[in-house]
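Below is my_file02.cif, which holds mmCIF, C-alpha atoms.
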```cif
data_final
#
loop_
_atom_site.label_atom_id
_atom_site.label_comp_id
_atom_site.auth_asym_id
_atom_site.auth_seq_id
_atom_site.Cartn_x
_atom_site.Cartn_y
_atom_site.Cartn_z
CA MET A 1 72.23 61.45 -285.20
CA PRO A 2 73.32 57.86 -285.69
CA ASP A 3 75.15 56.07 -283.07
CA PRO A 4 78.82 55.75 -284.12
CA SER A 5 79.17 52.50 -282.35
CA ASN A 6 76.84 50.86 -284.77
CA ASN A 7 79.43 51.28 -287.43
CA SER A 8 81.88 48.86 -285.86
CA PHE A 9 82.67 45.58 -287.61
CA ILE A 10 82.67 43.82 -284.34
CA PRO A 11 79.48 42.00 -284.00
CA LYS A 12 77.42 43.46 -281.47
CA ARG A 13 76.69 41.48 -278.38
CA GLY A 14 73.70 41.77 -276.47
CA PRO A 15 73.70 43.02 -272.95
CA VAL A 16 75.92 40.90 -270.81
CA THR A 17 73.96 38.63 -268.70
CA ARG A 18 76.01 37.13 -265.93
CA SER A 19 75.81 33.41 -266.16
CA THR A 20 74.85 31.85 -262.90
CA ARG A 21 77.80 29.71 -261.81
CA GLY A 22 76.92 26.74 -259.59
CA THR A 23 78.14 27.72 -256.03
CA PHE A 24 79.84 24.95 -254.02
CA SER A 25 77.62 24.39 -251.03
CA ARG A 26 77.96 21.37 -248.74
CA ARG A 27 75.06 20.32 -246.59
CA VAL A 28 76.09 19.69 -243.00
CA TYR A 29 73.76 17.44 -241.11
CA VAL A 30 73.19 17.63 -237.36
CA PHE A 31 73.87 13.91 -237.03
CA THR A 32 77.23 14.36 -238.74
CA LEU A 33 78.16 17.07 -236.28
CA ILE A 34 77.03 15.06 -233.31
CA SER A 35 78.80 11.91 -234.42
CA TYR A 36 82.16 13.64 -234.91
CA VAL A 37 81.86 15.60 -231.71
CA PHE A 38 80.94 12.38 -229.92
CA LEU A 39 83.92 10.55 -231.39
CA PHE A 40 86.41 13.27 -230.54
CA ALA A 41 84.96 13.75 -227.06
CA THR A 42 85.29 10.02 -226.47
CA LEU A 43 88.88 9.99 -227.61
CA LEU A 44 89.63 13.03 -225.47
CA ALA A 45 87.98 11.38 -222.46
CA VAL A 46 90.00 8.22 -223.02
CA GLY A 47 93.24 10.20 -223.02
CA GLY A 48 92.21 12.20 -219.97
CA MET A 49 91.14 9.18 -218.05
CA TYR A 50 94.30 7.31 -218.86
CA PHE A 51 96.46 10.10 -217.51
CA TYR A 52 94.20 10.71 -214.51
CA THR A 53 94.26 6.98 -213.65
CA GLN A 54 98.04 7.01 -213.84
CA HIS A 55 98.13 10.07 -211.59
CA LEU A 56 95.85 8.39 -209.06
CA LYS A 57 97.93 5.21 -209.12
CA ASN A 58 101.03 7.23 -208.41
CA GLN A 59 99.21 8.98 -205.57
CA LEU A 60 98.07 5.64 -204.16
CA ASP A 61 101.64 4.30 -204.31
CA ALA A 62 102.83 7.39 -202.47
CA GLU A 63 100.14 6.92 -199.81
CA ILE A 64 101.07 3.26 -199.37
CA VAL A 65 104.72 4.18 -198.96
CA ALA A 66 103.83 6.88 -196.42
CA PHE A 67 101.55 4.49 -194.55
CA ASN A 68 104.21 1.78 -194.40
CA LYS A 69 106.75 4.30 -193.24
CA GLU A 70 104.42 5.45 -190.47
CA THR A 71 103.58 1.92 -189.35
CA ASN A 72 107.26 0.97 -189.38
CA SER A 73 108.02 3.88 -187.09
CA PHE A 74 105.66 2.41 -184.46
CA SER A 75 107.70 0.98 -181.59
CA LYS A 76 106.22 -2.14 -180.03
CA GLU A 77 108.87 -2.03 -177.34
CA ASN A 78 107.86 1.47 -176.27
CA MET A 79 104.21 0.47 -176.36
CA GLN A 80 104.92 -2.51 -174.12
CA LYS A 81 106.89 -0.32 -171.70
CA VAL A 82 104.10 2.23 -171.50
CA LEU A 83 101.42 -0.42 -171.02
CA THR A 84 103.43 -2.17 -168.32
CA PHE A 85 104.11 1.10 -166.53
CA ASN A 86 100.48 2.09 -166.77
CA SER A 87 99.33 -1.28 -165.52
CA ARG A 88 101.77 -1.16 -162.59
CA LEU A 89 100.60 2.34 -161.70
CA LYS A 90 96.96 1.30 -161.81
CA GLN A 91 97.54 -1.78 -159.67
CA ALA A 92 99.62 0.19 -157.16
CA SER A 93 97.01 2.92 -157.10
CA SER A 94 94.23 0.40 -156.51
CA ARG A 95 96.06 -0.98 -153.46
CA LEU A 96 97.08 2.45 -152.21
CA ASP A 97 93.49 3.68 -152.38
CA LYS A 98 92.36 0.72 -150.30
CA SER A 99 95.10 0.87 -147.70
CA ILE A 100 93.81 1.51 -144.23
CA SER A 101 95.10 2.40 -140.83
CA VAL A 102 94.40 -0.26 -138.22
CA THR A 103 95.46 2.27 -135.62
CA SER A 104 92.44 4.37 -136.65
CA ILE A 105 90.20 1.38 -135.96
CA PHE A 106 91.69 1.06 -132.48
CA LYS A 107 91.27 4.78 -131.90
CA ALA A 108 87.61 4.57 -132.94
CA LEU A 109 87.15 1.57 -130.67
CA GLU A 110 88.78 3.38 -127.77
CA ALA A 111 86.60 6.43 -128.32
CA ALA A 112 83.43 4.37 -128.44
CA THR A 113 84.14 2.02 -125.55
CA ILE A 114 82.75 3.03 -122.17
CA ASN A 115 84.65 2.60 -118.92
CA THR A 116 82.53 -0.18 -117.46
CA VAL A 117 83.18 -2.69 -120.23
CA GLU A 118 86.13 -4.98 -120.71
CA ILE A 119 87.08 -6.51 -124.03
CA GLU A 120 88.10 -10.14 -123.56
CA ASP A 121 89.26 -10.88 -127.06
CA LEU A 122 89.01 -9.27 -130.41
CA THR A 123 89.18 -10.43 -134.01
CA LEU A 124 89.45 -8.36 -137.10
CA ALA A 125 88.71 -9.65 -140.58
CA ARG A 126 88.89 -7.85 -143.88
CA VAL A 127 86.05 -8.51 -146.31
CA ALA A 128 87.43 -7.85 -149.78
CA ASP A 129 88.11 -4.16 -150.22
CA GLU A 130 84.84 -3.13 -148.65
CA LYS A 131 84.99 -3.37 -144.91
CA TYR A 132 86.48 -4.82 -141.77
CA ILE A 133 84.40 -6.91 -139.45
CA LEU A 134 85.50 -6.48 -135.86
CA THR A 135 84.20 -9.07 -133.46
CA ALA A 136 84.75 -8.42 -129.78
CA SER A 137 83.81 -10.51 -126.77
CA ILE A 138 82.85 -8.00 -124.11
CA ASN A 139 82.10 -8.23 -120.40
CA THR A 140 80.26 -5.60 -118.46
CA ASP A 141 78.36 -5.25 -115.21
CA SER A 142 74.77 -4.66 -116.25
CA PHE A 143 72.31 -4.59 -119.08
CA ASP A 144 72.22 -0.80 -118.79
CA SER A 145 75.92 -0.69 -119.59
CA THR A 146 75.30 -3.01 -122.52
CA ILE A 147 72.56 -0.76 -123.87
CA PHE A 148 74.73 2.30 -123.37
CA GLN A 149 77.68 0.60 -125.03
CA ARG A 150 75.56 -0.32 -128.05
CA GLY A 151 74.41 3.29 -128.28
CA GLU A 152 78.00 4.50 -128.19
CA TYR A 153 78.98 2.17 -131.00
CA ASN A 154 75.97 3.28 -133.04
CA ARG A 155 76.87 6.93 -132.56
CA ASN A 156 80.48 6.43 -133.67
CA GLN A 157 81.11 7.82 -137.14
CA THR A 158 83.68 5.19 -138.05
CA ILE A 159 81.45 2.23 -137.27
CA ASP A 160 78.86 1.50 -139.91
CA GLN A 161 76.79 -1.22 -138.29
CA VAL A 162 76.62 -2.80 -134.85
CA THR A 163 75.25 -6.22 -134.00
CA ILE A 164 75.04 -7.43 -130.42
CA SER A 165 74.64 -11.15 -129.92
CA GLY A 166 75.26 -13.90 -127.38
CA LEU A 167 73.97 -11.83 -124.51
CA GLN A 168 74.43 -13.69 -121.25
CA LYS A 169 74.25 -12.75 -117.59
CA THR A 170 76.19 -14.78 -115.03
CA VAL A 171 76.54 -14.33 -111.29
CA VAL A 172 79.90 -14.98 -109.67
CA SER A 173 81.02 -14.72 -106.12
CA GLU A 174 84.62 -14.26 -105.19
CA GLY A 175 85.49 -15.20 -101.63
CA ASN A 176 83.81 -12.91 -99.10
CA ASP A 177 82.70 -10.47 -101.81
CA PRO A 178 79.03 -10.27 -102.45
CA LYS A 179 77.78 -11.84 -105.62
CA GLN A 180 78.73 -9.95 -108.73
CA SER A 181 76.84 -10.13 -111.96
CA ILE A 182 78.67 -10.18 -115.27
CA VAL A 183 76.91 -9.50 -118.50
CA SER A 184 78.81 -10.83 -121.49
CA PHE A 185 78.01 -10.35 -125.13
CA THR A 186 79.59 -10.33 -128.53
CA ALA A 187 79.68 -7.12 -130.52
CA VAL A 188 80.14 -7.31 -134.27
CA LEU A 189 81.12 -3.99 -135.78
CA ASP A 190 81.24 -3.25 -139.49
CA ILE A 191 83.90 -0.70 -140.32
CA PRO A 192 84.01 0.45 -143.96
CA VAL A 193 87.47 0.64 -145.49
CA SER A 194 86.67 4.14 -146.69
CA SER A 195 86.17 5.38 -143.12
CA VAL A 196 89.68 4.44 -141.95
CA PRO A 197 91.98 5.35 -144.84
CA TYR A 198 95.70 5.44 -144.27
CA ARG A 199 97.10 8.94 -144.72
CA PRO A 200 100.82 8.79 -145.36
CA VAL A 201 102.79 11.21 -143.25
CA PRO A 202 106.26 12.47 -144.04
CA GLN A 203 108.91 10.28 -142.50
CA THR A 204 110.32 11.61 -139.29
CA SER A 205 113.64 10.97 -137.69
CA SER A 206 112.12 8.00 -135.90
CA SER A 207 111.75 6.03 -139.13
CA ILE A 208 113.37 2.63 -139.14
CA ILE A 209 116.64 2.29 -141.00
CA ILE A 210 117.53 -1.27 -141.88
CA GLN A 211 121.28 -1.49 -142.07
CA ASN A 212 122.59 -4.65 -140.55
CA PRO A 213 119.97 -7.35 -140.61
CA ASP A 214 120.38 -10.17 -138.14
CA ILE A 215 120.89 -13.02 -140.60
CA GLN A 216 120.45 -15.80 -138.06
CA SER A 217 117.18 -14.41 -136.83
CA ILE A 218 115.97 -14.01 -140.37
CA GLU A 219 116.85 -17.56 -141.28
CA SER A 220 115.03 -18.89 -138.27
CA ALA A 221 112.09 -16.63 -139.01
CA SER A 222 111.56 -17.66 -142.60
CA THR A 223 110.46 -21.23 -142.23
CA GLU A 224 109.53 -21.49 -145.89
CA GLY A 225 112.41 -19.55 -147.25
CA ASN A 226 112.75 -19.30 -150.97
CA THR A 227 115.88 -17.79 -152.38
CA GLY A 228 114.29 -16.34 -155.46
CA ALA A 229 115.77 -13.37 -157.24
CA ALA A 230 115.14 -10.22 -155.28
CA ALA A 231 113.33 -7.75 -157.43
CA VAL A 232 112.19 -5.87 -154.37
CA VAL A 233 113.79 -2.61 -153.41
CA ASN A 234 112.71 -2.84 -149.84
CA ASP A 235 115.99 -3.00 -148.04
CA GLU A 236 116.25 0.71 -147.59
CA THR A 237 113.96 2.64 -145.33
CA LEU A 238 110.57 1.45 -144.24
CA MET B 1 69.75 7.94 -251.95
CA ILE B 2 71.81 7.41 -248.80
CA PRO B 3 74.82 9.79 -248.56
CA LYS B 4 78.24 8.17 -248.49
CA GLY B 5 79.33 9.79 -245.24
CA LEU B 6 76.46 8.36 -243.25
CA PHE B 7 78.12 5.00 -242.85
CA THR B 8 81.26 6.70 -241.59
CA GLN B 9 79.24 8.69 -239.09
CA ILE B 10 77.39 5.64 -237.86
CA GLY B 11 80.72 3.84 -237.59
CA ALA B 12 82.16 6.71 -235.56
CA VAL B 13 79.23 6.58 -233.17
CA ILE B 14 79.54 2.81 -232.82
CA VAL B 15 83.29 3.06 -232.19
CA SER B 16 82.68 5.77 -229.59
CA ILE B 17 80.09 3.68 -227.81
CA GLY B 18 82.46 0.70 -227.94
CA ILE B 19 85.26 2.75 -226.40
CA ILE B 20 82.93 4.06 -223.69
CA VAL B 21 81.69 0.60 -222.83
CA THR B 22 85.05 -1.16 -222.93
CA TYR B 23 87.38 1.51 -221.54
CA VAL B 24 85.73 4.60 -220.14
CA LYS B 25 83.18 2.88 -217.91
CA PRO B 26 85.65 0.41 -216.36
CA SER B 27 88.09 3.26 -215.94
CA PHE B 28 85.51 5.16 -213.92
CA ALA B 29 85.06 2.15 -211.66
CA GLU B 30 88.83 1.77 -211.32
CA ILE B 31 89.22 5.47 -210.50
CA GLU B 32 86.53 5.16 -207.84
CA LEU B 33 88.31 2.19 -206.29
CA ILE B 34 91.67 3.94 -206.31
CA GLN B 35 90.17 7.06 -204.78
CA ASN B 36 88.54 4.96 -202.05
CA ASP B 37 91.86 3.22 -201.41
CA ILE B 38 93.65 6.55 -201.19
CA ALA B 39 91.06 7.87 -198.74
CA LEU B 40 91.36 4.68 -196.68
CA TYR B 41 95.13 4.83 -196.59
CA GLN B 42 95.01 8.51 -195.64
CA LYS B 43 92.57 7.76 -192.83
CA GLU B 44 94.57 4.82 -191.52
CA ARG B 45 97.81 6.76 -191.80
CA SER B 46 96.34 9.57 -189.76
CA SER B 47 95.23 7.00 -187.15
CA VAL B 48 98.71 5.48 -187.02
CA LEU B 49 100.16 8.98 -186.82
CA ALA B 50 97.88 9.79 -183.90
CA VAL B 51 98.86 6.57 -182.11
CA ASN B 52 102.56 7.24 -182.70
CA SER B 53 102.17 10.77 -181.49
CA GLN B 54 100.30 9.67 -178.37
CA LEU B 55 102.86 6.95 -177.74
CA SER B 56 105.70 9.46 -178.00
CA SER B 57 103.88 11.72 -175.58
CA LEU B 58 103.32 8.86 -173.13
CA VAL B 59 106.93 7.71 -173.39
CA ALA B 60 108.05 11.26 -172.65
CA GLN B 61 105.65 11.40 -169.72
CA MET B 62 106.93 8.06 -168.44
CA GLN B 63 110.53 9.17 -168.76
CA SER B 64 109.76 12.36 -166.88
CA VAL B 65 109.10 10.29 -163.74
CA SER B 66 112.17 10.54 -161.58
CA ILE B 67 114.36 7.51 -160.93
CA ASP B 68 113.55 7.73 -157.21
CA ASP B 69 109.84 7.62 -157.89
CA GLN B 70 110.29 4.71 -160.27
CA LYS B 71 112.24 2.86 -157.57
CA ARG B 72 109.50 3.60 -155.05
CA LEU B 73 106.89 2.27 -157.44
CA LEU B 74 108.95 -0.85 -158.04
CA ALA B 75 109.36 -1.28 -154.30
CA TYR B 76 105.64 -0.82 -153.74
CA LEU B 77 104.69 -3.31 -156.43
CA PRO B 78 107.65 -5.48 -157.46
CA ASP B 79 107.60 -7.97 -160.31
CA LYS B 80 108.24 -10.73 -157.83
CA ILE B 81 108.29 -10.70 -154.08
CA ASP B 82 111.15 -12.04 -152.06
CA GLU B 83 109.71 -13.58 -148.93
CA LEU B 84 113.10 -13.46 -147.23
CA TYR B 85 113.23 -9.68 -147.46
CA ILE B 86 109.66 -9.38 -146.30
CA SER B 87 110.21 -11.78 -143.41
CA ARG B 88 113.25 -9.79 -142.40
CA ASP B 89 111.30 -6.54 -142.59
CA LEU B 90 108.47 -7.97 -140.48
CA LEU B 91 110.93 -9.16 -137.88
CA ILE B 92 112.54 -5.74 -137.70
CA ILE B 93 109.14 -4.06 -137.52
CA ALA B 94 108.14 -6.38 -134.66
CA GLN B 95 111.39 -5.73 -132.80
CA SER B 96 111.10 -1.98 -133.36
CA SER B 97 107.55 -1.85 -132.05
CA GLY B 98 108.61 -3.56 -128.81
CA VAL B 99 106.42 -6.65 -129.10
CA LEU B 100 107.76 -10.10 -128.42
CA TYR B 101 108.22 -11.94 -131.67
CA LYS B 102 106.86 -15.49 -131.63
CA ASP B 103 106.40 -16.85 -135.12
CA MET B 104 106.19 -15.93 -138.78
CA LYS B 105 105.28 -17.87 -141.91
CA TYR B 106 105.09 -17.20 -145.60
CA ILE B 107 101.85 -18.89 -146.55
CA GLY B 108 102.16 -18.24 -150.27
CA LYS B 109 100.21 -16.80 -153.10
CA GLU B 110 96.67 -16.16 -152.05
CA GLU B 111 93.84 -17.12 -154.33
CA SER B 112 92.33 -13.85 -155.40
CA SER B 113 88.56 -13.59 -155.47
CA LYS B 114 88.93 -12.47 -159.03
CA SER B 115 90.93 -15.54 -160.03
CA ARG B 116 89.63 -17.32 -163.03
CA LYS B 117 87.99 -20.64 -162.43
CA ASN B 118 88.59 -21.96 -165.90
CA ILE B 119 90.67 -20.98 -168.85
CA GLU B 120 87.79 -19.29 -170.67
CA GLN B 121 87.47 -16.67 -167.96
CA PRO B 122 89.56 -13.53 -168.31
CA LEU B 123 92.74 -13.25 -166.32
CA PRO B 124 92.55 -11.35 -163.01
CA GLU B 125 93.47 -7.74 -163.40
CA GLY B 126 94.67 -6.93 -159.93
CA PRO B 127 98.08 -7.50 -158.38
CA ILE B 128 99.02 -10.96 -157.08
CA PRO B 129 98.51 -11.25 -153.31
CA HIS B 130 101.03 -13.07 -151.11
CA LYS B 131 100.06 -13.99 -147.58
CA PHE B 132 102.19 -13.96 -144.43
CA SER B 133 101.26 -14.78 -140.86
CA LEU B 134 102.85 -13.19 -137.84
CA SER B 135 102.42 -14.00 -134.17
CA VAL B 136 103.60 -11.66 -131.44
CA GLU B 137 102.92 -10.81 -127.83
CA GLY B 138 102.95 -7.44 -126.18
CA THR B 139 101.04 -4.69 -124.49
CA TYR B 140 98.19 -2.83 -126.10
CA GLU B 141 100.41 0.16 -126.86
CA GLN B 142 103.10 -2.05 -128.37
CA ILE B 143 100.56 -3.75 -130.59
CA LYS B 144 99.21 -0.38 -131.71
CA ASN B 145 102.75 0.67 -132.45
CA LEU B 146 103.23 -2.51 -134.48
CA PHE B 147 100.18 -1.72 -136.60
CA ASN B 148 101.42 1.82 -137.06
CA LEU B 149 104.81 0.63 -138.32
CA ILE B 150 103.18 -1.93 -140.62
CA ALA B 151 101.07 0.82 -142.17
CA ARG B 152 104.20 2.93 -142.74
CA SER B 153 105.97 0.25 -144.75
CA ASN B 154 107.12 1.25 -148.22
CA TYR B 155 105.14 -1.59 -149.77
CA PRO B 156 101.59 -2.72 -148.99
CA LEU B 157 101.19 -4.90 -145.91
CA GLU B 158 97.46 -5.22 -145.63
CA VAL B 159 95.99 -6.62 -142.47
CA GLN B 160 93.62 -9.33 -143.68
CA GLY B 161 92.90 -10.73 -140.28
CA ALA B 162 93.93 -10.22 -136.67
CA LYS B 163 93.11 -12.04 -133.48
CA ILE B 164 93.94 -10.47 -130.14
CA THR B 165 93.56 -12.50 -126.98
CA LYS B 166 94.55 -11.94 -123.38
CA THR B 167 97.45 -13.91 -122.00
CA ASP B 168 98.80 -14.33 -118.52
CA GLY B 169 100.49 -11.34 -117.00
CA GLY B 170 98.31 -8.77 -118.69
CA PHE B 171 99.89 -9.18 -122.09
CA LEU B 172 98.06 -9.59 -125.33
CA SER B 173 98.71 -12.21 -127.93
CA LEU B 174 98.31 -11.17 -131.55
CA ASP B 175 97.98 -13.48 -134.54
CA LEU B 176 98.14 -11.49 -137.70
CA ASP B 177 97.47 -12.33 -141.34
CA LEU B 178 99.20 -9.93 -143.67
CA VAL B 179 99.03 -9.65 -147.43
CA THR B 180 101.49 -8.00 -149.74
CA TYR B 181 101.33 -7.81 -153.52
CA SER B 182 103.43 -8.37 -156.59
CA PHE B 183 102.81 -6.98 -160.04
CA ASN B 184 100.48 -8.96 -162.25
CA GLU B 185 101.73 -8.44 -165.75
CA VAL B 186 98.45 -8.92 -167.53
CA ILE B 187 97.59 -6.24 -169.99
CA THR B 188 93.88 -6.02 -170.49
CA ASP B 189 92.03 -4.96 -173.60
CA GLU B 190 90.92 -1.85 -171.73
CA GLU B 191 94.52 -0.84 -171.18
CA ILE B 192 95.42 -1.52 -174.82
CA THR B 193 92.74 0.90 -175.96
CA LEU B 194 93.80 3.60 -173.52
#
```
Rewrite the structure of this file - the entire thing - as structure tokens.
Amino acid sequence: MPDPSNNSFIPKRGPVTRSTRGTFSRRVYVFTLISYVFLFATLLAVGGMYFYTQHLKNQLDAEIVAFNKETNSFSKENMQKVLTFNSRLKQASSRLDKSISVTSIFKALEAATINTVEIEDLTLARVADEKYILTASINTDSFDSTIFQRGEYNRNQTIDQVTISGLQKTVVSEGNDPKQSIVSFTAVLDIPVSSVPYRPVPQTSSSIIIQNPDIQSIESASTEGNTGAAAVVNDETL
Amino acid sequence: MIPKGLFTQIGAVIVSIGIIVTYVKPSFAEIELIQNDIALYQKERSSVLAVNSQLSSLVAQMQSVSIDDQKRLLAYLPDKIDELYISRDLLIIAQSSGVLYKDMKYIGKEESSKSRKNIEQPLPEGPIPHKFSLSVEGTYEQIKNLFNLIARSNYPLEVQGAKITKTDGGFLSLDLDLVTYSFNEVITDEEITL
């Protein structure tokens, strides 16, 4: 049976073959990608750094302002007051720590002096803030007493060092009395300041109250009087 | 054949490198400097803050000392001594102890052992000593009483030297060197860094 389509006047076309259209394809190179990414990253970094720099500058300005404010709040006057007060306290403390009781020295001397000796004269000298040197001219009756006296001084806790010098024995006769021998010597005693500290005691009712000073006596007493401004508050109680 | 876009790409890279060299790198250095400055200012500000805080604390501590105690301190170590007051006090002490007053002198400022010998040496740090001499006569008990009263003074009267000798009639003669102090307003470096 013939194919009815072959009877058509329309020329017959062969089987449709799809023409291959040229597809638009662009070749992207790695270098292209890198270069554009590099450019945009650079521009982005520039923008970021600009703003970050501005931020840091603002922060620095704020810090400078805060620093100046803090330094301006520092009071030189207060600092001077505190330093002066501190210095005065330290100086007063240094003297107070080194203050001694001469009465304690006499008590120690009394305790260490035996009955058979007699002190003719006595000098006391302070050597810086370390010690007192007590020099006593002493008479006694025998060398035994001298030896015993030296031992007593050595045993005394207050006395640090004892030096006996100028030892001399003399014989004297007084009227009908038999001859008496006198042994004289000089004792030099070192007394450390630390061994005779002054311990303040609360004032008792016997404390001195200065109320009406005798002006005439004072004027005669102060031979080198200087009428400087009185910054001393010592006209109250002693 | 060289593609057209290659020149553009090379140009972009060159421009980027130019920007990095001329702007980004200096900006990094500038940022580093600013950050260092900020850190320095913060550190110094905290130091100043600490000093101010300590100063406030010390001022408060100083103000907490009672007026009486401040007066006592000022009496103990005055800015300047008044030899008239001290002479008067010594006379009253001598009279109160029972000794016979003979003589008194204000010798003056004593050369401290720490005094500087030339201007290059640091200033002495201790208080300024002032020397007085006192001569009295009395019994042993009276002289002991005198020393006791001197020690109880409300300002330092240090016995620098004493000479006791026998006199006629069983009395003792006492020559006394006394030292009192005034405040030496020298602030040392040690005190500044307290």
Check: Rounded to one decimal in Å, what is the spacing between atom CA of Leu176 of chain B and atom CA of Ser87 of chain B?
Finding: 13.4 Å
Next item on the list: Step by step, work through what the PyMOL selection byres ((chain A and resi 38) around 12) selects in the shown file, and finish by giving those residues as a VMD selection string.
Entry: (chain A and resid 30 to 37 39 to 45) or (chain B and resid 9 to 20)
Checklist line | One-decimal distance in Å that lies between atom CA of Tyr155 of chain B and atom CA of Ser133 of chain B | finding: 16.4 Å
Notebook entry, point to check: Hey, what comes out of the PyMOL selection byres ((chain A and resi 187) around 6) on this file? Could you write it as a PyMOL selection string?
Noted result: chain A and resi 135-136+163-164+186+188
Note to self: If we count only C-alpha atoms and set the cut-off at 7 Å, which residues sit around segment 147-153 of chain B, ignoring sequence neighbours fewer than 4 positions away in its own chain? Please answer as an MDAnalysis selection string.
What the structure shows: (chainID A and resid 101:103 238) or (chainID B and resid 93 143 157)
Notebook entry, point to check: Which of these, B:Pro78, B:Gly98, B:Gly108, B:Gly169, has the shortest distance to chain A once you count only C-alpha atoms?
Noted result: B:Pro78
